[in-house]
Amino acid sequence: MYAKVTSLGVTGLAGYIVQVEADLSGGLLVGLPDSAVKESSERVRSAIKNLHYEWPASRITINLAPADVRKTGPVYDLPVFVGIMAAQGKLPAPGSERAFLGELGLDGTLRPVTGVLPMALAAVQNGVKELFLPAENAAEAAVAEGLTVYPARSAQDVVLHLCGATPLTPATPEGYDEDGVWLGPDMADVRGQSMLAKRLPGILPPLTYEEALETSAIYSVAGLLRGGTGLIKQRPFRSPHHSVSSTAIVGGGSVPRPGEVSLAHNGVLFLDELPEFARDTLEVLRQPLEDGRVTVSRVHGTASYPCRFMLVAAMNPCKCGYLGHPTRECTCTPSAVDAYRRRISGPLLDRIDLHVEALPVEYDDLASEQGGES
């Protein structure tokens, strides 16, 4: 017997429809799966048996269409499970207006997956009306207007709903206030120029709904959207260590993932001890600063991510840190000072609009109990 189940995939920030076809013959998993997808058959087999359902006596062919797009991750466990059950006649045909996604544990429990928000938005665009997925992913999927999201704790919950025995309760979308209050560190805590960078997002305009949606989609794909979170409502602040690689800055990996410049989209990217960053790491910032978008190309595909961020950097005036200090003498030679400053290229400095020399803060100012401006 044959069954077809609708699921979803994501490339970059673009979601797309994946049709999972199950046929009780042949015994293959086709459709350009990666290793995690290939392992799906074993997880689904264990889940079906441990939930006390019958595993088909015949061999099973699973096809993931379109076959020319590489499928990654464990997101297809649940649709494969539903496809096999429907092919046996244990479930009614789910139809094209229902979509399924989620990773299965060996006992049939559903575990969260990444990239749900862009997949949910793609589902709406392609006429999907109902989406079944792990409960931890429900809040972000519910952001997609016009989509009924059913959170499930296990594959059995999905089976009971489709059979009409125990209906699932749809997730309720959370509201969004574009005038939300900043919840991060406050400018009033600042003494002199210390701790300024982390508080910068607090004096930027609140995220608009469109900005929050785009930022949340990036974090969803990166797997950094916390469970139970619908939208990121505060401007992001990213502060990578100076040992970070160029790939981690702009994104990459065998399956392209967003880097720090994209995770800072609509927010602040802070580079402390700027000359300590590797030269190639700093140079890859030039194109994202100009274009506001970065494209990562790898063997398994190309992904494009937005990266419009405010770059803030800090550095010492020299290696010892005391050049120009009013009370302490610099121990660096002129050539050492020049070499230290030449770690930052001219083209990168040209892309930084505001250069500020910050003088040392007096102890009385640091120890003062008087708060700054909120």
# chains A, B, ... in the order shown; residues from 1 in each chain; ligands from 1
$ residues_around --residues "range 211-222 of chain A" --least-positions-apart "6" --cutoff "10 Å" --atoms "only C-alpha atoms" --output "tab-separated table (two decimals) with all heavy atoms, in the first residue's frame"
chain	number	residue	atom	x	y	z
A	10	VAL	N	14.08	23.37	5.19
A	10	VAL	CA	14.53	24.76	5.17
A	10	VAL	C	15.94	24.81	4.60
A	10	VAL	O	16.79	23.99	4.91
A	10	VAL	CB	14.49	25.38	6.60
A	10	VAL	CG1	15.42	24.65	7.55
A	10	VAL	CG2	14.82	26.86	6.56
A	11	THR	N	16.16	25.80	3.71
A	11	THR	CA	17.48	26.10	3.17
A	11	THR	C	17.75	27.57	3.41
A	11	THR	O	17.02	28.43	2.92
A	11	THR	CB	17.56	25.81	1.66
A	11	THR	OG1	17.31	24.42	1.43
A	11	THR	CG2	18.93	26.16	1.11
A	12	GLY	N	18.81	27.88	4.16
A	12	GLY	CA	19.00	29.26	4.59
A	12	GLY	C	17.86	29.66	5.50
A	12	GLY	O	17.61	29.03	6.52
A	13	LEU	N	17.12	30.71	5.11
A	13	LEU	CA	15.92	31.10	5.84
A	13	LEU	C	14.66	30.80	5.05
A	13	LEU	O	13.57	31.26	5.41
A	13	LEU	CB	15.97	32.60	6.18
A	13	LEU	CG	17.03	33.05	7.19
A	13	LEU	CD1	16.85	34.51	7.52
A	13	LEU	CD2	16.98	32.22	8.45
A	14	ALA	N	14.79	30.06	3.97
A	14	ALA	CA	13.65	29.76	3.10
A	14	ALA	C	13.13	28.36	3.37
A	14	ALA	O	13.87	27.37	3.20
A	14	ALA	CB	14.05	29.91	1.64
A	113	VAL	N	13.02	20.26	17.01
A	113	VAL	CA	13.94	20.37	15.87
A	113	VAL	C	14.20	21.86	15.61
A	113	VAL	O	13.54	22.73	16.17
A	113	VAL	CB	13.35	19.69	14.61
A	113	VAL	CG1	13.28	18.19	14.80
A	113	VAL	CG2	11.97	20.25	14.28
A	114	THR	N	15.16	22.14	14.75
A	114	THR	CA	15.51	23.52	14.43
A	114	THR	C	14.86	23.97	13.13
A	114	THR	O	14.44	23.16	12.31
A	114	THR	CB	17.04	23.68	14.30
A	114	THR	OG1	17.51	22.84	13.22
A	114	THR	CG2	17.74	23.26	15.60
A	115	GLY	N	14.77	25.30	12.97
A	115	GLY	CA	14.24	25.86	11.73
A	115	GLY	C	12.74	25.82	11.59
A	115	GLY	O	12.20	25.96	10.48
A	116	VAL	N	12.01	25.67	12.70
A	116	VAL	CA	10.56	25.51	12.64
A	116	VAL	C	9.86	26.77	12.16
A	116	VAL	O	8.90	26.71	11.38
A	116	VAL	CB	10.01	25.08	14.02
A	116	VAL	CG1	8.50	25.22	14.08
A	116	VAL	CG2	10.40	23.63	14.30
A	117	LEU	N	10.32	27.95	12.60
A	117	LEU	CA	9.63	29.19	12.22
A	117	LEU	C	9.60	29.41	10.71
A	117	LEU	O	8.52	29.62	10.14
A	117	LEU	CB	10.26	30.37	12.95
A	117	LEU	CG	9.66	31.75	12.63
A	117	LEU	CD1	8.15	31.76	12.82
A	117	LEU	CD2	10.30	32.82	13.50
A	118	PRO	N	10.74	29.37	10.00
A	118	PRO	CA	10.65	29.53	8.53
A	118	PRO	C	9.87	28.42	7.86
A	118	PRO	O	9.21	28.66	6.84
A	118	PRO	CB	12.11	29.55	8.08
A	118	PRO	CG	12.91	29.01	9.21
A	118	PRO	CD	12.15	29.32	10.45
A	119	MET	N	9.89	27.21	8.42
A	119	MET	CA	9.10	26.12	7.84
A	119	MET	C	7.61	26.37	8.03
A	119	MET	O	6.80	26.10	7.14
A	119	MET	CB	9.51	24.78	8.44
A	119	MET	CG	10.87	24.29	7.97
A	119	MET	SD	11.24	22.57	8.42
A	119	MET	CE	11.72	22.76	10.13
A	121	LEU	N	6.15	29.32	8.26
A	121	LEU	CA	5.78	30.39	7.34
A	121	LEU	C	5.63	29.84	5.92
A	121	LEU	O	4.71	30.24	5.18
A	121	LEU	CB	6.82	31.50	7.37
A	121	LEU	CG	6.97	32.24	8.71
A	121	LEU	CD1	8.16	33.20	8.67
A	121	LEU	CD2	5.69	33.01	9.04
A	137	ASN	N	8.33	23.17	20.13
A	137	ASN	CA	8.40	24.04	18.96
A	137	ASN	C	7.11	24.78	18.67
A	137	ASN	O	7.03	25.57	17.72
A	137	ASN	CB	8.77	23.22	17.71
A	137	ASN	CG	10.17	22.67	17.74
A	137	ASN	OD1	10.38	21.48	17.53
A	137	ASN	ND2	11.16	23.52	17.99
A	140	GLU	N	6.94	28.96	18.50
A	140	GLU	CA	7.47	29.64	17.32
A	140	GLU	C	6.63	29.35	16.07
A	140	GLU	O	6.45	30.22	15.22
A	140	GLU	CB	8.93	29.28	17.07
A	140	GLU	CG	9.22	27.81	16.91
A	140	GLU	CD	10.70	27.55	16.63
A	140	GLU	OE1	11.24	28.09	15.63
A	140	GLU	OE2	11.33	26.81	17.41
A	143	VAL	N	3.46	31.51	15.50
A	143	VAL	CA	3.64	32.88	14.99
A	143	VAL	C	3.07	33.01	13.58
A	143	VAL	O	2.59	34.07	13.19
A	143	VAL	CB	5.14	33.26	15.01
A	143	VAL	CG1	5.39	34.56	14.27
A	143	VAL	CG2	5.64	33.34	16.45
A	144	ALA	N	3.11	31.92	12.81
A	144	ALA	CA	2.63	31.95	11.42
A	144	ALA	C	1.12	32.09	11.40
A	144	ALA	O	0.39	31.19	11.82
A	144	ALA	CB	3.06	30.67	10.70
A	176	TYR	N	2.37	40.42	20.29
A	176	TYR	CA	3.63	41.13	20.15
A	176	TYR	C	3.41	42.62	20.33
A	176	TYR	O	2.55	43.21	19.68
A	176	TYR	CB	4.27	40.87	18.78
A	176	TYR	CG	5.65	41.49	18.66
A	176	TYR	CD1	6.73	40.89	19.27
A	176	TYR	CD2	5.84	42.70	18.00
A	176	TYR	CE1	7.99	41.44	19.20
A	176	TYR	CE2	7.09	43.27	17.92
A	176	TYR	CZ	8.17	42.65	18.52
A	176	TYR	OH	9.41	43.22	18.45
A	178	GLU	N	5.12	46.15	19.91
A	178	GLU	CA	6.26	46.83	19.28
A	178	GLU	C	6.85	47.91	20.16
A	178	GLU	O	7.92	48.45	19.84
A	178	GLU	CB	5.86	47.41	17.92
A	178	GLU	CG	5.55	46.34	16.89
A	178	GLU	CD	5.55	46.88	15.48
A	178	GLU	OE1	5.77	48.10	15.31
A	178	GLU	OE2	5.35	46.08	14.53
A	229	THR	N	9.57	29.74	23.25
A	229	THR	CA	9.69	31.13	22.81
A	229	THR	C	9.09	31.28	21.42
A	229	THR	O	9.43	30.52	20.51
A	229	THR	CB	11.17	31.56	22.78
A	229	THR	OG1	11.72	31.42	24.08
A	229	THR	CG2	11.31	32.99	22.32
A	230	GLY	N	8.21	32.27	21.26
A	230	GLY	CA	7.64	32.53	19.95
A	230	GLY	C	8.52	33.44	19.13
A	230	GLY	O	9.08	33.05	18.11
A	231	LEU	N	8.69	34.66	19.59
A	231	LEU	CA	9.51	35.65	18.88
A	231	LEU	C	10.56	36.23	19.82
A	231	LEU	O	10.31	36.40	21.01
A	231	LEU	CB	8.64	36.79	18.34
A	231	LEU	CG	7.75	36.51	17.14
A	231	LEU	CD1	6.92	37.74	16.81
A	231	LEU	CD2	8.56	36.09	15.92
A	232	ILE	N	11.73	36.53	19.28
A	232	ILE	CA	12.72	37.31	20.02
A	232	ILE	C	12.24	38.75	20.05
A	232	ILE	O	11.98	39.35	19.00
A	232	ILE	CB	14.10	37.20	19.34
A	232	ILE	CG1	14.64	35.79	19.52
A	232	ILE	CG2	15.07	38.22	19.91
A	232	ILE	CD1	15.96	35.54	18.84
A	233	LYS	N	12.12	39.33	21.24
A	233	LYS	CA	11.52	40.65	21.37
A	233	LYS	C	12.53	41.74	21.75
A	233	LYS	O	12.15	42.90	21.88
A	233	LYS	CB	10.40	40.60	22.41
A	233	LYS	CG	9.30	39.61	22.03
A	233	LYS	CD	8.22	39.50	23.09
A	233	LYS	CE	7.16	38.49	22.69
A	233	LYS	NZ	6.10	38.34	23.69
A	234	GLN	N	13.78	41.36	21.97
A	234	GLN	CA	14.83	42.32	22.30
A	234	GLN	C	15.90	42.27	21.21
A	234	GLN	O	16.18	41.21	20.66
A	234	GLN	CB	15.45	41.98	23.65
A	234	GLN	CG	14.44	41.85	24.79
A	234	GLN	CD	13.95	43.20	25.29
A	234	GLN	OE1	14.71	44.14	25.45
A	234	GLN	NE2	12.66	43.30	25.56
A	235	ARG	N	16.49	43.41	20.93
A	235	ARG	CA	17.55	43.43	19.92
A	235	ARG	C	18.72	42.56	20.38
A	235	ARG	O	19.15	42.65	21.53
A	235	ARG	CB	18.02	44.86	19.67
A	235	ARG	CG	16.96	45.70	18.96
A	235	ARG	CD	17.50	47.00	18.42
A	235	ARG	NE	16.43	47.75	17.76
A	235	ARG	CZ	16.09	47.61	16.49
A	235	ARG	NH1	16.75	46.75	15.73
A	235	ARG	NH2	15.11	48.32	15.97
A	236	PRO	N	19.25	41.72	19.50
A	236	PRO	CA	20.33	40.82	19.91
A	236	PRO	C	21.64	41.55	20.17
A	236	PRO	O	21.91	42.60	19.57
A	236	PRO	CB	20.47	39.86	18.72
A	236	PRO	CG	19.91	40.60	17.55
A	236	PRO	CD	18.82	41.49	18.10
A	256	PRO	N	25.35	24.73	5.68
A	256	PRO	CA	25.54	26.14	6.05
A	256	PRO	C	24.61	26.59	7.17
A	256	PRO	O	23.40	26.39	7.12
A	256	PRO	CB	25.23	26.89	4.74
A	256	PRO	CG	25.52	25.90	3.67
A	256	PRO	CD	25.13	24.57	4.24
A	257	ARG	N	25.22	27.21	8.19
A	257	ARG	CA	24.48	27.76	9.32
A	257	ARG	C	24.83	29.23	9.48
A	257	ARG	O	25.92	29.66	9.09
A	257	ARG	CB	24.83	27.00	10.62
A	257	ARG	CG	24.39	25.55	10.63
A	257	ARG	CD	22.89	25.43	10.61
A	257	ARG	NE	22.44	24.04	10.74
A	257	ARG	CZ	21.19	23.65	10.55
A	257	ARG	NH1	20.27	24.55	10.23
A	257	ARG	NH2	20.84	22.40	10.69
A	258	PRO	N	23.95	30.04	10.08
A	258	PRO	CA	24.26	31.46	10.25
A	258	PRO	C	25.40	31.67	11.24
A	258	PRO	O	25.54	30.94	12.22
A	258	PRO	CB	22.94	32.04	10.79
A	258	PRO	CG	22.18	30.87	11.33
A	258	PRO	CD	22.59	29.70	10.52
A	259	GLY	N	26.23	32.69	10.97
A	259	GLY	CA	27.33	33.04	11.84
A	259	GLY	C	26.99	34.23	12.73
A	259	GLY	O	25.84	34.67	12.80
A	262	SER	N	25.08	37.28	11.34
A	262	SER	CA	23.64	37.10	11.14
A	262	SER	C	22.90	37.00	12.47
A	262	SER	O	21.77	37.47	12.59
A	262	SER	CB	23.37	35.85	10.30
A	262	SER	OG	23.91	36.00	9.00
A	263	LEU	N	23.55	36.39	13.46
A	263	LEU	CA	22.93	36.33	14.79
A	263	LEU	C	22.82	37.72	15.41
A	263	LEU	O	22.00	37.94	16.30
A	263	LEU	CB	23.74	35.41	15.70
A	263	LEU	CG	23.75	33.93	15.29
A	263	LEU	CD1	24.74	33.15	16.15
A	263	LEU	CD2	22.37	33.32	15.39
A	264	ALA	N	23.64	38.66	14.94
A	264	ALA	CA	23.55	40.05	15.41
A	264	ALA	C	22.64	40.90	14.54
A	264	ALA	O	22.53	42.11	14.76
A	264	ALA	CB	24.95	40.67	15.44
A	265	HIS	N	21.97	40.30	13.57
A	265	HIS	CA	21.07	41.03	12.67
A	265	HIS	C	20.02	41.82	13.45
A	265	HIS	O	19.41	41.29	14.38
A	265	HIS	CB	20.38	40.03	11.73
A	265	HIS	CG	19.46	40.65	10.73
A	265	HIS	ND1	19.87	41.58	9.80
A	265	HIS	CD2	18.13	40.47	10.53
A	265	HIS	CE1	18.84	41.94	9.06
A	265	HIS	NE2	17.77	41.28	9.48
A	266	ASN	N	19.87	43.07	13.11
A	266	ASN	CA	18.95	44.00	13.80
A	266	ASN	C	19.41	44.34	15.22
A	266	ASN	O	18.63	44.88	16.01
A	266	ASN	CB	17.52	43.45	13.85
A	266	ASN	CG	16.87	43.39	12.49
A	266	ASN	OD1	17.07	44.28	11.67
A	266	ASN	ND2	16.12	42.34	12.22
A	267	GLY	N	20.66	44.02	15.53
A	267	GLY	CA	21.19	44.31	16.86
A	267	GLY	C	22.63	44.77	16.80
A	267	GLY	O	23.03	45.49	15.88
A	305	TYR	N	21.92	34.71	4.28
A	305	TYR	CA	21.36	35.21	5.53
A	305	TYR	C	21.52	36.73	5.61
A	305	TYR	O	22.55	37.27	5.21
A	305	TYR	CB	22.08	34.59	6.73
A	305	TYR	CG	22.01	33.09	6.80
A	305	TYR	CD1	23.10	32.31	6.47
A	305	TYR	CD2	20.84	32.45	7.20
A	305	TYR	CE1	23.04	30.93	6.53
A	305	TYR	CE2	20.77	31.08	7.27
A	305	TYR	CZ	21.86	30.31	6.93
A	305	TYR	OH	21.79	28.95	6.98
A	306	PRO	N	20.52	37.43	6.15
A	306	PRO	CA	20.66	38.88	6.36
A	306	PRO	C	21.63	39.16	7.51
A	306	PRO	O	21.75	38.35	8.42
A	306	PRO	CB	19.24	39.33	6.70
A	306	PRO	CG	18.60	38.11	7.29
A	306	PRO	CD	19.20	36.93	6.59
A	307	CYS	N	22.30	40.30	7.46
A	307	CYS	CA	23.25	40.63	8.53
A	307	CYS	C	23.43	42.15	8.63
A	307	CYS	O	24.54	42.65	8.50
A	307	CYS	CB	24.60	39.93	8.32
A	307	CYS	SG	25.38	40.28	6.74
$ residues_around --residues "Thr333 in chain A" --least-positions-apart "2" --cutoff "12 Å" --atoms "only C-alpha atoms" --output "MDAnalysis selection string"
chainID A and resid 318:320 322:323 329:331 335:340
$ atom_distance --atom1 "CA of Gly102 in chain A" --atom2 "CA of Glu210 in chain A"
26.3 Å
$ residues_around --residues "His242 in chain A" --least-positions-apart "4" --cutoff "12 Å" --atoms "only C-alpha atoms" --output "VMD selection string"
chain A and resid 246 248 to 249 270 to 282 313 to 315
$ write_last_selection --atoms "N, CA and C atoms" --output "compact mmCIF listing (two decimals), in the first residue's frame"
# COMPACT_ATOMS: atom_id res chain seq x y z
N SER A 246 36.89 32.68 11.17
CA SER A 246 36.16 33.42 10.15
C SER A 246 34.85 32.72 9.79
N ALA A 248 32.96 30.97 11.86
CA ALA A 248 32.00 31.25 12.92
C ALA A 248 31.46 32.67 12.82
N ILE A 249 32.24 33.58 12.27
CA ILE A 249 31.79 34.97 12.13
C ILE A 249 30.74 35.11 11.04
N PHE A 270 29.59 43.15 18.99
CA PHE A 270 30.65 43.80 19.76
C PHE A 270 31.92 42.97 19.69
N LEU A 271 32.99 43.59 19.22
CA LEU A 271 34.30 42.93 19.13
C LEU A 271 35.23 43.62 20.11
N ASP A 272 35.45 42.99 21.25
CA ASP A 272 36.35 43.53 22.26
C ASP A 272 37.78 43.07 21.94
N GLU A 273 38.78 43.92 22.30
CA GLU A 273 40.19 43.64 21.98
C GLU A 273 40.34 43.38 20.48
N LEU A 274 39.91 44.34 19.68
CA LEU A 274 39.82 44.19 18.23
C LEU A 274 41.12 43.70 17.58
N PRO A 275 42.31 44.23 17.93
CA PRO A 275 43.53 43.77 17.25
C PRO A 275 43.90 42.32 17.55
N GLU A 276 43.28 41.71 18.57
CA GLU A 276 43.60 40.33 18.91
C GLU A 276 42.88 39.33 18.01
N PHE A 277 41.87 39.79 17.26
CA PHE A 277 41.19 38.91 16.31
C PHE A 277 42.14 38.60 15.15
N ALA A 278 42.03 37.39 14.61
CA ALA A 278 42.86 37.00 13.46
C ALA A 278 42.56 37.92 12.27
N ARG A 279 43.58 38.18 11.47
CA ARG A 279 43.42 39.10 10.35
C ARG A 279 42.34 38.64 9.39
N ASP A 280 42.33 37.35 9.04
CA ASP A 280 41.32 36.86 8.10
C ASP A 280 39.91 36.94 8.68
N THR A 281 39.79 36.82 10.01
CA THR A 281 38.49 36.93 10.65
C THR A 281 37.93 38.35 10.51
N LEU A 282 38.79 39.34 10.67
CA LEU A 282 38.35 40.73 10.55
C LEU A 282 38.05 41.09 9.09
N ALA A 313 33.38 48.14 18.31
CA ALA A 313 34.66 47.51 18.61
C ALA A 313 35.41 48.33 19.65
N ALA A 314 36.26 47.66 20.41
CA ALA A 314 37.08 48.33 21.42
C ALA A 314 38.51 47.81 21.32
N MET A 315 39.48 48.70 21.54
CA MET A 315 40.88 48.30 21.50
C MET A 315 41.70 49.22 22.39
$ residues_around --residues "Asp291 in chain A" --least-positions-apart "3" --cutoff "10 Å" --atoms "only C-alpha atoms" --output "list in words"
Arg286, Gln287, Pro288, Val294, Pro306, Cys307 and Arg308 of chain A
$ select_by_dssp --residues "range 116-321 of chain A" --states "strand (DSSP E or B)" --output "PyMOL selection string"
chain A and resi 130-134+148-152+154+237-238+251-252+257-258+268-271+293-298+301-306+310-313
$ atom_distance --atom1 "CA of Ala122 in chain A" --atom2 "CA of Gln19 in chain A"
13.7 Å
$ closest_residue --among "A:Ala155, A:Leu285, A:Ala3, A:Leu64" --to "Arg351 in chain A" --atoms "only C-alpha atoms"
A:Leu285
$ residues_around --residues "Pro112 in chain A" --least-positions-apart "4" --cutoff "10 Å" --atoms "only C-alpha atoms" --output "PDB file with N, CA, C and O atoms, in the first residue's frame"
ATOM      1  N   PRO A  74      16.829  15.368  11.729  1.00  0.00           N
ATOM      2  CA  PRO A  74      15.832  14.363  12.107  1.00  0.00           C
ATOM      3  C   PRO A  74      14.389  14.845  11.972  1.00  0.00           C
ATOM      4  O   PRO A  74      13.478  14.227  12.520  1.00  0.00           O
ATOM      5  N   VAL A  75      14.175  15.953  11.250  1.00  0.00           N
ATOM      6  CA  VAL A  75      12.846  16.571  11.179  1.00  0.00           C
ATOM      7  C   VAL A  75      11.805  15.658  10.534  1.00  0.00           C
ATOM      8  O   VAL A  75      10.596  15.810  10.775  1.00  0.00           O
ATOM      9  N   LEU A 101       6.185  17.375  11.343  1.00  0.00           N
ATOM     10  CA  LEU A 101       7.634  17.431  11.495  1.00  0.00           C
ATOM     11  C   LEU A 101       8.001  17.164  12.950  1.00  0.00           C
ATOM     12  O   LEU A 101       7.207  17.408  13.856  1.00  0.00           O
ATOM     13  N   GLY A 102       9.194  16.636  13.150  1.00  0.00           N
ATOM     14  CA  GLY A 102       9.645  16.351  14.513  1.00  0.00           C
ATOM     15  C   GLY A 102      10.541  15.137  14.581  1.00  0.00           C
ATOM     16  O   GLY A 102      10.431  14.214  13.766  1.00  0.00           O
ATOM     17  N   GLU A 103      11.426  15.134  15.563  1.00  0.00           N
ATOM     18  CA  GLU A 103      12.317  14.003  15.807  1.00  0.00           C
ATOM     19  C   GLU A 103      11.653  13.033  16.785  1.00  0.00           C
ATOM     20  O   GLU A 103      11.030  13.455  17.759  1.00  0.00           O
ATOM     21  N   LEU A 104      11.824  11.742  16.527  1.00  0.00           N
ATOM     22  CA  LEU A 104      11.265  10.708  17.390  1.00  0.00           C
ATOM     23  C   LEU A 104      12.329  10.108  18.302  1.00  0.00           C
ATOM     24  O   LEU A 104      13.445   9.807  17.853  1.00  0.00           O
ATOM     25  N   VAL A 116      12.011  25.672  12.705  1.00  0.00           N
ATOM     26  CA  VAL A 116      10.556  25.509  12.636  1.00  0.00           C
ATOM     27  C   VAL A 116       9.859  26.771  12.156  1.00  0.00           C
ATOM     28  O   VAL A 116       8.898  26.707  11.382  1.00  0.00           O
ATOM     29  N   LEU A 133       3.608  18.960  15.409  1.00  0.00           N
ATOM     30  CA  LEU A 133       5.037  19.070  15.707  1.00  0.00           C
ATOM     31  C   LEU A 133       5.288  18.910  17.202  1.00  0.00           C
ATOM     32  O   LEU A 133       4.331  18.903  17.985  1.00  0.00           O
ATOM     33  N   PRO A 134       6.554  18.792  17.638  1.00  0.00           N
ATOM     34  CA  PRO A 134       6.845  18.669  19.072  1.00  0.00           C
ATOM     35  C   PRO A 134       6.355  19.873  19.863  1.00  0.00           C
ATOM     36  O   PRO A 134       6.386  21.006  19.383  1.00  0.00           O
ATOM     37  N   ALA A 135       5.926  19.639  21.079  1.00  0.00           N
ATOM     38  CA  ALA A 135       5.349  20.698  21.907  1.00  0.00           C
ATOM     39  C   ALA A 135       6.326  21.851  22.126  1.00  0.00           C
ATOM     40  O   ALA A 135       5.916  23.009  22.187  1.00  0.00           O
ATOM     41  N   GLU A 136       7.633  21.552  22.245  1.00  0.00           N
ATOM     42  CA  GLU A 136       8.617  22.603  22.487  1.00  0.00           C
ATOM     43  C   GLU A 136       8.739  23.578  21.333  1.00  0.00           C
ATOM     44  O   GLU A 136       9.211  24.698  21.502  1.00  0.00           O
ATOM     45  N   ASN A 137       8.327  23.170  20.133  1.00  0.00           N
ATOM     46  CA  ASN A 137       8.403  24.039  18.956  1.00  0.00           C
ATOM     47  C   ASN A 137       7.109  24.782  18.673  1.00  0.00           C
ATOM     48  O   ASN A 137       7.033  25.567  17.719  1.00  0.00           O
ATOM     49  N   ALA A 138       6.078  24.552  19.478  1.00  0.00           N
ATOM     50  CA  ALA A 138       4.751  25.072  19.151  1.00  0.00           C
ATOM     51  C   ALA A 138       4.697  26.591  19.179  1.00  0.00           C
ATOM     52  O   ALA A 138       4.039  27.210  18.334  1.00  0.00           O
ATOM     53  N   ARG A 153       3.329  15.607  22.497  1.00  0.00           N
ATOM     54  CA  ARG A 153       4.432  15.099  23.311  1.00  0.00           C
ATOM     55  C   ARG A 153       4.977  13.786  22.775  1.00  0.00           C
ATOM     56  O   ARG A 153       6.116  13.432  23.030  1.00  0.00           O
ATOM     57  N   GLY A 223      19.212  27.007  15.868  1.00  0.00           N
ATOM     58  CA  GLY A 223      18.929  26.185  17.036  1.00  0.00           C
ATOM     59  C   GLY A 223      19.109  26.919  18.342  1.00  0.00           C
ATOM     60  O   GLY A 223      19.310  26.307  19.392  1.00  0.00           O
ATOM     61  N   GLY A 227      13.127  26.894  23.880  1.00  0.00           N
ATOM     62  CA  GLY A 227      11.840  26.218  23.856  1.00  0.00           C
ATOM     63  C   GLY A 227      10.762  27.040  24.525  1.00  0.00           C
ATOM     64  O   GLY A 227      10.987  27.637  25.573  1.00  0.00           O
TER      65      GLY A 227
END
$ residues_around --residues "range 82-88 of chain A" --least-positions-apart "4" --cutoff "8 Å" --atoms "only C-alpha atoms" --output "number ranges by chain"
A: 1-5, 20-24, 56, 78, 92-94, 159
$ closest_residue --among "A:Val181, A:Leu311, A:Ala67, A:Val296" --to "Val261 in chain A" --atoms "only C-alpha atoms"
A:Leu311
$ closest_residue --among "A:Tyr53, A:Phe237, A:Tyr76, A:Tyr16" --to "Arg111 in chain A" --atoms "only C-alpha atoms"
A:Tyr76
$ closest_residue --among "A:Gln370, A:Met310, A:Pro205, A:Ile48" --to "Gly292 in chain A" --atoms "only C-alpha atoms"
A:Met310
$ select_by_dssp --residues "range 150-327 of chain A" --states "alpha helix (DSSP H)" --output "VMD selection string"
chain A and resid 155 to 162 196 to 199 209 to 222 246 to 250 260 to 263 279 to 283 286 to 291
$ closest_residue --among "A:Pro66, A:Gly15, A:Pro173, A:Pro201" --to "Ala120 in chain A" --atoms "only C-alpha atoms"
A:Gly15
$ atom_distance --atom1 "CA of Gly105 in chain A" --atom2 "CA of Val37 in chain A"
13.8 Å
